[in-house]
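J.: Pasting in a structure now, in structure tokens, and then I'll have a few things to ask.
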Amino acid sequence: MKCSILITGGAGFLGSHLCDRLVAEGHDVLCLDNFFTGGKRNVSHLLGRPNFELIRHDLVQPIFLEVDQIYNLACPASPIHYQYNPVKTVKTSVMGAIHMLGLAKRVKARILQASTSEVYGDPAVHPQKEDYRGNVNTIGIRSCYDEGKRCAETLFFDYHRQNKVDIRVVRIFNTYGPRMHPNDGRVVSNFIVKALKNQDITVFGDGTQTRSFCYVDDLIEGMIRMMNGPDNFIGPVNLGNPGEFSILELAEKIIEITHSKSKLVHDPLPQDDPRQRQPDITLAGEKLGWKPETGLEEGLKKTIEYFDEIL
Ligand code: NAD
Ligand code: UDP
């Protein structure tokens with residue numbers, strides 16, 4: 001069934017891929033963004049389409065629209081960007097959630113929250129399942145993002161219990177792919193850009209910390225399945241690729257694929273940088289029949305091709 005879909009943060013990395021998918025499926029897509037980390041360039045190819053609309057708006061302010069579904073993605077996701085104005089990051093997560101939940105309540109829309117593996121903090125349990133409550137510092141430099149997202153989850157569940165809002169919550173683990181901004185600051189884009197320019201690659205700490213990297217197309221498929229999944233399944237559900245790699249392994253893989261002359265250099269590990277991270281995706285498999293299809297090497301090759309073109 002065709003519907004009218006609002007995507008907040010729609011001009012960002014993940015949002016723009018979601019716009020692509022939903023426009024191609026024939027839905028009426030409203031892409032809302034304040035262009036803080038996203039940009040018109042990410043959706044410029046959709047601008048002439050009759051079922052696509054771009055709205056410049058800051059989600060810290062309320063907005064009145066009529067839609068059937070809302071994907072709430074607005075929020076800077078890279079540590080350097082969410083730490084640039086941490087108060088604004090909290091406002092975007094918390095006030096943005098309140099405004100979108102209020103809208104969903106008024107127009108009876110289904111609303112999906114792009115939550116994050118950061119709600120698990122520096123996890124004491126490995127791999128992370130949805131029932132793990134996390135190990136988050138409330139007063140550190142990552143807290144504006146982690147606690148903002150945790151509070152947003154709370155708001156989603158309270159609007160659901162109190163106002164019967166039709167919610168969905170996905171916890172996204174590190175996702176990468178084409179359209180990450182070259183200055184995004186996250187590890188995959190940083191390493192690829194440096195490798196392609198044969199510049200030093202900066203590994204924070206000794207590089208033994210791990211992450212699990214999911215290719216963007218797999219993630220988008222999971223999000224859409226969750227939005228349209230079973231009525232009684234609201235989440236939270238982990239979405240990510242369980243393949244776990246150290247940051248050193250990632251650097252070495254990227255150097256190998258790009259045949260780069262880059263050397264590895266080390267900077268101190270930032271405060272509260274999680275030591276390890278790997279999603280348990282059993283629940284997503286059971287409830288949504290979802291699992292990622294793209295391995296790290298294949299996903300990196302596609303991403304490197306993209307950066308090679310734009311640099
Ligand atoms: P991104 O920075 O590319 O996208 C975020 C978008 O939100 C940008 O277009 C930005 O301009 C917009 N935005 C920020 N503040 C806004 C505001 N106040 N009002 C309106 N728009 C605003 O990052 P992304 O990787 O595409 O992440 C999208 C969402 O997914 C975020 O909510 C992020 O927390 C979540 N997420 C992403 C990952 C990942 O690995 N990519 C992992 C976990 C969670
Ligand atoms: N990292 C790194 N060099 C960089 C960027 C990141 O070594 O240029 C490390 C960072 O310290 C972390 C991991 O890579 O351990 C993932 O960082 P990212 O910012 O991509 O995501 P997050 O820490 O939020 O998972």
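Labeling convention for the structure tokens: chains A, B, ... as they appear, residues from 1 per chain, ligands from 1 in order of appearance.
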Let me have all residues with an atom within 6 Å of ligand 2, counting only C-alpha atoms and all ligand atoms, laid out as an mmCIF file with N, CA, C and O atoms, in the first residue's frame.
T.:
```
data_model
loop_
_atom_site.group_PDB
_atom_site.id
_atom_site.type_symbol
_atom_site.label_atom_id
_atom_site.label_comp_id
_atom_site.auth_asym_id
_atom_site.auth_seq_id
_atom_site.Cartn_x
_atom_site.Cartn_y
_atom_site.Cartn_z
ATOM 1 N N SER A 78 28.097 11.076 14.097
ATOM 2 C CA SER A 78 29.540 10.919 14.249
ATOM 3 C C SER A 78 30.011 11.659 15.509
ATOM 4 O O SER A 78 29.589 12.801 15.747
ATOM 5 N N PRO A 79 30.880 11.014 16.319
ATOM 6 C CA PRO A 79 31.323 11.675 17.556
ATOM 7 C C PRO A 79 31.787 13.125 17.360
ATOM 8 O O PRO A 79 31.392 13.999 18.124
ATOM 9 N N ASN A 174 27.157 0.223 14.080
ATOM 10 C CA ASN A 174 27.970 0.946 13.082
ATOM 11 C C ASN A 174 27.657 0.543 11.640
ATOM 12 O O ASN A 174 27.893 -0.601 11.250
ATOM 13 N N ARG A 186 33.706 9.393 11.075
ATOM 14 C CA ARG A 186 33.613 8.008 11.552
ATOM 15 C C ARG A 186 34.708 7.172 10.896
ATOM 16 O O ARG A 186 35.280 7.543 9.879
ATOM 17 N N VAL A 187 34.960 6.042 11.516
ATOM 18 C CA VAL A 187 36.200 5.334 11.216
ATOM 19 C C VAL A 187 36.285 4.855 9.765
ATOM 20 O O VAL A 187 37.341 4.989 9.126
ATOM 21 N N ASN A 190 36.844 7.876 7.404
ATOM 22 C CA ASN A 190 38.167 8.450 7.694
ATOM 23 C C ASN A 190 39.280 7.614 7.071
ATOM 24 O O ASN A 190 40.161 8.126 6.391
ATOM 25 N N THR A 202 45.050 7.485 11.081
ATOM 26 C CA THR A 202 45.159 7.633 12.543
ATOM 27 C C THR A 202 44.266 6.631 13.254
ATOM 28 O O THR A 202 43.037 6.689 13.146
ATOM 29 N N VAL A 203 44.918 5.719 13.973
ATOM 30 C CA VAL A 203 44.196 4.744 14.794
ATOM 31 C C VAL A 203 44.184 5.275 16.218
ATOM 32 O O VAL A 203 45.239 5.623 16.755
ATOM 33 N N PHE A 204 43.000 5.363 16.805
ATOM 34 C CA PHE A 204 42.921 5.829 18.188
ATOM 35 C C PHE A 204 43.217 4.661 19.128
ATOM 36 O O PHE A 204 42.674 3.558 18.951
ATOM 37 N N GLN A 209 40.414 -2.189 20.008
ATOM 38 C CA GLN A 209 38.960 -2.070 20.227
ATOM 39 C C GLN A 209 38.225 -2.577 18.984
ATOM 40 O O GLN A 209 38.751 -2.456 17.881
ATOM 41 N N ILE A 247 39.853 -2.375 15.092
ATOM 42 C CA ILE A 247 40.072 -1.185 14.259
ATOM 43 C C ILE A 247 41.362 -1.345 13.451
ATOM 44 O O ILE A 247 41.438 -0.905 12.303
ATOM 45 N N LEU A 269 43.263 7.171 22.728
ATOM 46 C CA LEU A 269 41.866 6.737 22.637
ATOM 47 C C LEU A 269 40.979 7.810 23.278
ATOM 48 O O LEU A 269 41.247 8.234 24.400
ATOM 49 N N ASP A 273 35.482 5.614 24.846
ATOM 50 C CA ASP A 273 35.403 4.876 23.579
ATOM 51 C C ASP A 273 35.145 3.393 23.904
ATOM 52 O O ASP A 273 35.958 2.753 24.574
#
```
J.: Determine which residues of stretch 3-246 of chain A receive a DSSP assignment of strand (DSSP E), computed from the backbone, and state them as a ChimeraX atom specification.
T.: /A:4-8,28-33,52-56,69-72,110-116,166-172,175-176,201-204,210-212,214-215,237-239,244-246
J.: Write to file, as a tab-separated table (two decimals), in the first residue's frame, the residues of the selection just made, with C-alpha atoms.
T.:
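New file again-v3.tsv:
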```tsv
chain	number	residue	atom	x	y	z
A	4	SER	CA	2.89	9.24	2.90
A	5	ILE	CA	6.19	8.93	4.76
A	6	LEU	CA	8.19	11.53	6.69
A	7	ILE	CA	11.93	10.90	7.07
A	8	THR	CA	13.63	13.24	9.54
A	28	ASP	CA	5.08	9.99	-1.09
A	29	VAL	CA	8.30	10.87	0.71
A	30	LEU	CA	8.80	14.02	2.78
A	31	CYS	CA	12.46	14.48	3.59
A	32	LEU	CA	13.04	16.85	6.52
A	33	ASP	CA	16.52	18.07	7.43
A	52	PHE	CA	9.55	13.52	-3.25
A	53	GLU	CA	9.59	16.72	-1.21
A	54	LEU	CA	12.46	18.35	0.70
A	55	ILE	CA	11.73	20.45	3.79
A	56	ARG	CA	14.43	22.50	5.53
A	69	GLN	CA	4.60	6.83	8.75
A	70	ILE	CA	7.58	8.61	10.33
A	71	TYR	CA	11.20	7.44	10.34
A	72	ASN	CA	12.96	9.57	12.97
A	110	ARG	CA	3.34	4.76	12.90
A	111	ILE	CA	6.75	6.05	14.02
A	112	LEU	CA	10.16	4.36	13.97
A	113	GLN	CA	13.07	5.61	16.06
A	114	ALA	CA	16.64	5.24	14.79
A	115	SER	CA	18.21	4.35	18.12
A	116	THR	CA	21.74	3.10	18.49
A	166	ASP	CA	2.20	3.03	17.24
A	167	ILE	CA	5.98	2.85	17.76
A	168	ARG	CA	8.96	0.88	16.46
A	169	VAL	CA	12.50	1.12	17.86
A	170	VAL	CA	15.62	-0.15	16.09
A	171	ARG	CA	19.10	-0.07	17.64
A	172	ILE	CA	21.54	0.49	14.80
A	175	THR	CA	26.79	1.26	9.49
A	176	TYR	CA	28.85	2.44	6.53
A	201	ILE	CA	45.80	6.68	8.92
A	202	THR	CA	45.16	7.63	12.54
A	203	VAL	CA	44.20	4.74	14.79
A	204	PHE	CA	42.92	5.83	18.19
A	210	THR	CA	36.34	-3.77	18.06
A	211	ARG	CA	33.29	-2.76	16.06
A	212	SER	CA	30.84	-4.67	13.85
A	214	CYS	CA	26.97	-3.23	8.59
A	215	TYR	CA	26.63	-2.23	4.93
A	237	VAL	CA	15.55	-4.67	17.99
A	238	ASN	CA	19.25	-4.73	17.13
A	239	LEU	CA	20.16	-4.15	13.48
A	244	GLU	CA	33.40	-8.23	14.56
A	245	PHE	CA	36.72	-6.62	13.63
A	246	SER	CA	39.39	-4.71	15.51
```
J.: Which residue out of A:Glu297, A:Asp200, A:Glu118, A:Asp267 has the minimum interatomic distance to ligand 1 when only C-alpha atoms and all ligand atoms are used?
T.: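 Ranked by minimum distance to ligand 1, first place goes to A:Glu118.
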J.: Find the residue from A:Lys301, A:Glu153, A:Glu147, A:Trp290 that sits nearest to A:Ile224; use only C-alpha atoms when measuring.
T.: A:Trp290
J.: Which one of A:Pro123, A:Gly9, A:Gly185, A:Pro292 sits closest to A:Cys75 if you count only C-alpha atoms?
T.: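 Going through A:Pro123, A:Gly9, A:Gly185, A:Pro292 one by one, the smallest distance to A:Cys75 is for A:Gly9.
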J.: What's the 9 Å shell around A:His27, counting only C-alpha atoms, without same-chain residues fewer than 3 positions away, as number ranges by chain?
T.: A: 1-5, 22-24, 51-52
J.: Kindly export the residues of the current selection with N, CA and C atoms, as a tab-separated table (two decimals), in the first residue's frame.
T.:
```
chain	number	residue	atom	x	y	z
A	1	MET	N	0.84	-1.20	0.00
A	1	MET	CA	0.00	0.00	0.00
A	1	MET	C	0.88	1.26	0.00
A	2	LYS	N	0.59	2.19	-0.90
A	2	LYS	CA	1.37	3.44	-0.95
A	2	LYS	C	0.99	4.32	0.23
A	3	CYS	N	1.98	4.92	0.86
A	3	CYS	CA	1.64	5.86	1.93
A	3	CYS	C	2.53	7.08	1.91
A	4	SER	N	2.17	7.99	2.79
A	4	SER	CA	2.89	9.24	2.90
A	4	SER	C	3.87	9.10	4.07
A	5	ILE	N	5.16	9.28	3.78
A	5	ILE	CA	6.19	8.93	4.76
A	5	ILE	C	7.12	10.12	5.02
A	22	LEU	N	12.27	4.29	-0.60
A	22	LEU	CA	10.83	4.53	-0.44
A	22	LEU	C	10.26	5.30	-1.63
A	23	VAL	N	11.06	6.18	-2.23
A	23	VAL	CA	10.62	6.87	-3.46
A	23	VAL	C	10.47	5.83	-4.57
A	24	ALA	N	11.45	4.93	-4.68
A	24	ALA	CA	11.40	3.89	-5.72
A	24	ALA	C	10.19	2.98	-5.54
A	51	ASN	N	6.92	12.36	-6.31
A	51	ASN	CA	6.61	11.79	-4.98
A	51	ASN	C	7.72	12.07	-3.97
A	52	PHE	N	8.50	13.16	-4.21
A	52	PHE	CA	9.55	13.52	-3.25
A	52	PHE	C	9.51	15.01	-2.95
```
J.: From a DSSP pass on the backbone, collect the residues of stretch 163-258 of chain A flagged as helix (DSSP H, G or I) and hand them back as a PyMOL selection string.
T.: chain A and resi 163+187-196+216-227+247-258
J.: Which distance in Å separates atom CA of A:Tyr132 and atom CA of A:Gly207, to one decimal?
T.: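 So the two atoms, atom CA of A:Tyr132 and atom CA of A:Gly207, lie 25.2 Å apart.
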J.: Collect all residues with atoms no farther than 6 Å from ligand 1, counting only C-alpha atoms and all ligand atoms, and output them as a PyMOL selection string.
T.: chain A and resi 9-15+33-38+57-60+73-77+92+114-116+172-175
